[in-house]
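Data file: target-v5.cif. Format and content: mmCIF, C-alpha atoms.
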data_entry
#
loop_
_atom_site.group_PDB
_atom_site.id
_atom_site.type_symbol
_atom_site.label_atom_id
_atom_site.label_comp_id
_atom_site.auth_asym_id
_atom_site.auth_seq_id
_atom_site.Cartn_x
_atom_site.Cartn_y
_atom_site.Cartn_z
ATOM 1 C CA MET A 132 0.000 0.000 0.000
ATOM 2 C CA ARG A 133 1.248 3.404 -0.908
ATOM 3 C CA LEU A 134 1.963 5.966 1.803
ATOM 4 C CA LEU A 135 -0.330 8.960 1.192
ATOM 5 C CA SER A 136 0.769 11.291 3.984
ATOM 6 C CA GLY A 137 3.050 11.354 6.985
ATOM 7 C CA ARG A 138 5.909 8.937 7.352
ATOM 8 C CA ASN A 139 6.521 5.220 7.391
ATOM 9 C CA PHE A 140 7.824 3.245 10.362
ATOM 10 C CA THR A 141 11.499 3.367 11.229
ATOM 11 C CA TRP A 142 13.683 1.194 13.459
ATOM 12 C CA HIS A 143 13.486 4.014 16.012
ATOM 13 C CA ASP A 144 9.795 3.161 16.542
ATOM 14 C CA ASP A 145 10.620 0.583 19.209
ATOM 15 C CA ALA A 146 9.383 -0.363 22.681
ATOM 16 C CA ASP A 147 11.182 2.649 24.208
ATOM 17 C CA SER A 148 9.552 5.222 21.915
ATOM 18 C CA PRO A 149 5.979 6.553 21.962
ATOM 19 C CA PRO A 150 3.476 4.124 20.381
ATOM 20 C CA VAL A 151 2.792 4.904 16.726
ATOM 21 C CA VAL A 152 0.455 3.555 14.070
ATOM 22 C CA LEU A 153 -0.262 3.832 10.350
ATOM 23 C CA VAL A 154 -3.923 3.935 9.348
ATOM 24 C CA ASN A 155 -5.671 3.507 6.032
ATOM 25 C CA VAL A 156 -7.985 6.090 4.445
ATOM 26 C CA THR A 157 -11.185 4.355 5.593
ATOM 27 C CA PHE A 158 -9.978 4.226 9.207
ATOM 28 C CA ALA A 159 -8.950 7.900 9.081
ATOM 29 C CA ARG A 160 -12.377 8.969 7.740
ATOM 30 C CA MET A 161 -14.244 6.906 10.332
ATOM 31 C CA MET A 162 -12.171 8.156 13.279
ATOM 32 C CA PHE A 163 -11.278 11.704 12.364
ATOM 33 C CA GLY A 164 -13.721 12.759 9.621
ATOM 34 C CA ASN A 165 -12.220 15.457 7.411
ATOM 35 C CA THR A 166 -9.500 16.352 9.947
ATOM 36 C CA PRO A 167 -6.021 15.247 8.803
ATOM 37 C CA ALA A 168 -5.216 11.948 10.520
ATOM 38 C CA VAL A 169 -1.457 12.405 10.831
ATOM 39 C CA GLY A 170 -0.644 13.715 14.294
ATOM 40 C CA GLN A 171 -3.938 12.553 15.841
ATOM 41 C CA HIS A 172 -3.979 10.280 18.895
ATOM 42 C CA PHE A 173 -6.380 7.525 19.914
ATOM 43 C CA LEU A 174 -6.555 4.843 22.562
ATOM 44 C CA LEU A 175 -7.099 1.205 21.630
ATOM 45 C CA PHE A 176 -9.557 -0.844 23.655
ATOM 46 C CA GLY A 177 -7.614 -2.118 26.658
ATOM 47 C CA GLY A 178 -4.605 0.022 25.740
ATOM 48 C CA ARG A 179 -2.510 1.839 28.314
ATOM 49 C CA SER A 180 -1.201 4.729 26.266
ATOM 50 C CA PRO A 181 -2.585 6.549 23.230
ATOM 51 C CA LYS A 182 -1.132 5.774 19.831
ATOM 52 C CA GLU A 183 -0.071 8.551 17.490
ATOM 53 C CA VAL A 184 -0.958 8.354 13.814
ATOM 54 C CA VAL A 185 2.317 8.980 11.979
ATOM 55 C CA GLY A 186 1.147 8.068 8.473
ATOM 56 C CA MET A 187 -1.836 7.301 6.292
ATOM 57 C CA VAL A 188 -1.827 4.632 3.574
ATOM 58 C CA GLU A 189 -4.272 3.850 0.805
ATOM 59 C CA ASP A 190 -7.021 1.292 1.331
ATOM 60 C CA GLY A 191 -6.210 -2.296 0.460
ATOM 61 C CA LYS A 192 -7.776 -5.718 0.230
ATOM 62 C CA TYR A 193 -7.202 -7.606 3.474
ATOM 63 C CA GLN A 194 -9.474 -10.665 3.335
ATOM 64 C CA SER A 195 -10.752 -11.033 -0.236
ATOM 65 C CA LEU A 196 -10.475 -9.300 -3.582
ATOM 66 C CA THR A 197 -14.172 -8.369 -3.622
ATOM 67 C CA GLU A 198 -14.481 -6.855 -0.144
ATOM 68 C CA ASP A 199 -15.568 -3.281 0.487
ATOM 69 C CA PRO A 200 -12.954 -0.946 1.960
ATOM 70 C CA GLN A 201 -12.258 -1.888 5.588
ATOM 71 C CA PRO A 202 -10.694 0.273 8.308
ATOM 72 C CA ALA A 203 -7.198 -0.955 9.130
ATOM 73 C CA MET A 204 -4.304 -0.071 11.419
ATOM 74 C CA PHE A 205 -0.684 -1.086 11.041
ATOM 75 C CA PHE A 206 1.778 -1.247 13.923
ATOM 76 C CA PRO A 207 5.587 -1.327 13.854
ATOM 77 C CA ILE A 208 6.855 -4.842 14.487
ATOM 78 C CA THR A 209 9.332 -3.502 17.042
ATOM 79 C CA GLN A 210 6.463 -2.194 19.208
ATOM 80 C CA GLU A 211 4.027 -5.081 18.761
ATOM 81 C CA ILE A 212 6.453 -8.011 18.984
ATOM 82 C CA ASN A 213 4.192 -9.955 21.402
ATOM 83 C CA ASP A 214 1.234 -9.963 19.019
ATOM 84 C CA ASN A 215 0.422 -13.504 17.892
ATOM 85 C CA ASP A 216 -1.074 -12.382 14.586
ATOM 86 C CA THR A 217 1.744 -10.370 13.029
ATOM 87 C CA VAL A 218 2.112 -10.488 9.263
ATOM 88 C CA LEU A 219 5.251 -9.145 7.652
ATOM 89 C CA VAL A 220 5.088 -8.353 3.942
ATOM 90 C CA VAL A 221 8.421 -8.040 2.156
ATOM 91 C CA ARG A 222 8.967 -6.934 -1.417
ATOM 92 C CA SER A 223 12.332 -7.438 -3.074
ATOM 93 C CA ALA A 224 13.941 -8.029 -6.441
ATOM 94 C CA LEU A 225 16.045 -10.803 -4.882
ATOM 95 C CA PRO A 226 15.112 -14.482 -5.301
ATOM 96 C CA SER A 227 12.766 -15.851 -2.623
ATOM 97 C CA THR A 228 15.450 -18.212 -1.247
ATOM 98 C CA GLU A 229 17.763 -15.274 -0.508
ATOM 99 C CA ILE A 230 14.943 -13.259 1.059
ATOM 100 C CA ALA A 231 13.949 -16.251 3.223
ATOM 101 C CA ALA A 232 17.479 -16.614 4.554
ATOM 102 C CA MET A 233 17.786 -12.869 5.238
ATOM 103 C CA LEU A 234 14.421 -12.768 7.034
ATOM 104 C CA ASP A 235 15.322 -15.784 9.119
ATOM 105 C CA ARG A 236 18.612 -14.181 10.206
ATOM 106 C CA THR A 237 17.040 -10.795 10.910
ATOM 107 C CA LEU A 238 14.091 -12.132 12.886
ATOM 108 C CA SER A 239 16.354 -14.526 14.800
ATOM 109 C CA ASN A 240 18.381 -11.515 15.941
ATOM 110 C CA ILE A 241 15.186 -10.004 17.382
ATOM 111 C CA ASP A 242 13.939 -13.217 19.019
ATOM 112 C CA ARG A 243 15.122 -16.770 18.313
ATOM 113 C CA ASN A 244 11.714 -18.203 19.307
ATOM 114 C CA LEU A 245 9.684 -16.269 16.730
ATOM 115 C CA PRO A 246 7.760 -18.655 14.485
ATOM 116 C CA LEU A 247 8.372 -17.948 10.828
ATOM 117 C CA THR A 248 6.175 -19.141 7.987
ATOM 118 C CA LEU A 249 7.039 -17.913 4.495
ATOM 119 C CA HIS A 250 4.602 -17.727 1.606
ATOM 120 C CA GLY A 251 5.510 -16.538 -1.858
ATOM 121 C CA TRP A 252 3.220 -14.039 -3.561
ATOM 122 C CA PRO A 253 1.821 -16.607 -6.045
ATOM 123 C CA ASP A 254 1.003 -18.959 -3.155
ATOM 124 C CA ALA A 255 -0.710 -16.180 -1.219
ATOM 125 C CA LEU A 256 -2.808 -15.236 -4.243
ATOM 126 C CA ASP A 257 -3.900 -18.809 -5.039
ATOM 127 C CA LEU A 258 -6.590 -18.785 -2.351
ATOM 128 C CA ALA A 259 -7.751 -15.296 -3.292
ATOM 129 C CA PHE A 260 -8.107 -16.226 -6.972
ATOM 130 C CA PHE A 261 -9.724 -19.643 -6.375
ATOM 131 C CA PRO A 262 -13.379 -18.481 -6.654
ATOM 132 C CA ALA A 263 -12.681 -16.617 -9.897
ATOM 133 C CA ARG A 264 -10.761 -19.575 -11.348
ATOM 134 C CA ALA A 265 -13.510 -22.037 -10.361
ATOM 135 C CA ALA A 266 -16.179 -19.795 -11.932
ATOM 136 C CA THR A 267 -14.086 -19.455 -15.098
ATOM 137 C CA ALA A 268 -13.687 -23.226 -15.371
ATOM 138 C CA ALA A 269 -17.410 -23.832 -14.775
ATOM 139 C CA LEU A 270 -18.401 -21.227 -17.352
ATOM 140 C CA GLY A 271 -15.888 -22.666 -19.828
ATOM 141 C CA ILE A 272 -17.380 -26.153 -19.415
ATOM 142 C CA MET A 273 -20.927 -24.805 -19.840
ATOM 143 C CA GLY A 274 -19.832 -22.857 -22.911
ATOM 144 C CA LEU A 275 -18.299 -26.005 -24.398
ATOM 145 C CA LEU A 276 -21.514 -27.945 -23.737
ATOM 146 C CA ALA A 277 -23.586 -25.138 -25.317
ATOM 147 C CA ALA A 278 -21.329 -25.169 -28.395
ATOM 148 C CA MET A 279 -21.680 -28.964 -28.696
ATOM 149 C CA LEU A 280 -25.469 -28.645 -28.409
ATOM 150 C CA ALA A 281 -25.529 -25.905 -31.061
ATOM 151 C CA ILE A 282 -23.375 -27.995 -33.431
ATOM 152 C CA THR A 283 -25.590 -31.036 -32.859
ATOM 153 C CA GLY A 284 -28.708 -28.958 -33.571
ATOM 154 C CA THR A 285 -27.180 -27.431 -36.700
ATOM 155 C CA PHE A 286 -26.252 -30.861 -38.081
ATOM 156 C CA GLY A 287 -29.714 -32.211 -37.148
ATOM 157 C CA VAL A 288 -31.438 -29.445 -39.098
ATOM 158 C CA ALA A 289 -29.044 -29.721 -42.060
ATOM 159 C CA THR A 290 -29.586 -33.427 -42.590
#
Written as C-alpha cells, how would this file's structure read?
Amino acid sequence: MRLLSGRNFTWHDDADSPPVVLVNVTFARMMFGNTPAVGQHFLLFGGRSPKEVVGMVEDGKYQSLTEDPQPAMFFPITQEINDNDTVLVVRSALPSTEIAAMLDRTLSNIDRNLPLTLHGWPDALDLAFFPARAATAALGIMGLLAAMLAITGTFGVAT
C-alpha cells in the first residue's frame, strides 16, 4: 500500500519510543472525519497509552479481492512483537530463497523463538483467486456444452 501522507515506520519506533500507528484512508475517515489523521492520537480498547498516527496509507484488500474498503491499522513490528497475529510483507527483487534466509537471520536476531512461515506471492494469491478460477472453469465447461449442443442442432437441421 502506498503511503499517502506522513511517514513510514522506522527502526526508532521501538518499545522505548511513543506508540505509533499507520492507518488507512477508511480508518482515518471513520475516526477523524475530514480532519487530517497524521498527528492525531487515539486509545485502543484495553490500551494503556494513546497511539499517534504517523502516516496514512491507501485502502487495500485484506481478506478477499471483492471486499468493500475496511478500516485498518498497522503497527511497527518492534512495538508489537508480542502480538500472535503479526504479518510481515516483504517486497524485493532478490530471489525468494535469498529473502527467506535474510528474514530468518534478521528475525532470529530479534527473538530466536519467533515462528516464521514464508509464503511466496503466487502462493498467497492462489486462495484469493480460487473463486474466480472455479467460476471461469465452470463457465468454460458450460460454454463447451452449449457449443456442442448448437453444433448437434445445426447438423440435425441440415440433414
Exercise for review: Would you write out, as a PyMOL selection string, every residue that the PyMOL selection byres ((chain A and resi 169-178) around 9) captures in this file?
Suggested key: chain A and resi 136-138+151+153-154+159+162-163+166-168+179-187
Exercise for review: Starting from the displayed file, determine the output of the PyMOL selection byres ((chain A and resi 204-207) around 7) and express the residue list as a list in words.
Suggested key: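 Selected by the PyMOL selection byres ((chain A and resi 204-207) around 7) here: Phe140, Asp144, Val151, Val152, Leu153, Val154, Asn155, Ala203, Ile208, Thr209, Gln210 and Glu211 of chain A.
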Practice item. Identify all residues satisfying the PyMOL selection byres ((chain A and resi 222-233) around 12) in the given file; provide them as a list in words. Key: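 Expected selection for the PyMOL selection byres ((chain A and resi 222-233) around 12) here is Met132, Leu219, Val220, Val221, Leu234, Asp235, Arg236, Thr237, Leu238, Ser239, Asn240, Leu247, Thr248, Leu249, His250, Gly251, Trp252 and Pro253 of chain A.
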Point to revise | Distance of CA of Pro150 in chain A from CA of Glu189 in chain A, expressed in Å to one decimal place | key: 21.1 Å
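Reported to one decimal place, the separation of CA of Asp190 in chain A from CA of Ala259 in chain A is 17.2 Å.
Distance-wise, CA of Phe158 in chain A and CA of Pro200 in chain A end up 9.4 Å apart.
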Point to revise | Protein/DNA/RNA residues near (-11.0, -11.9, 2.6), cut 12 Å, only C-alpha atoms, as a ChimeraX atom specification | key: /A:191-201,255-256,258-262
Edge lengths and centre in Å to one decimal, as lines of an AutoDock Vina configuration file, is what I'm after for the box along x, y and z that holds all listed atoms of range 176-191 of chain A once 8 Å is added on each side.
center_x = -3.6
center_y = 3.3
center_z = 14.4
size_x = 27.9
size_y = 27.3
size_z = 43.9
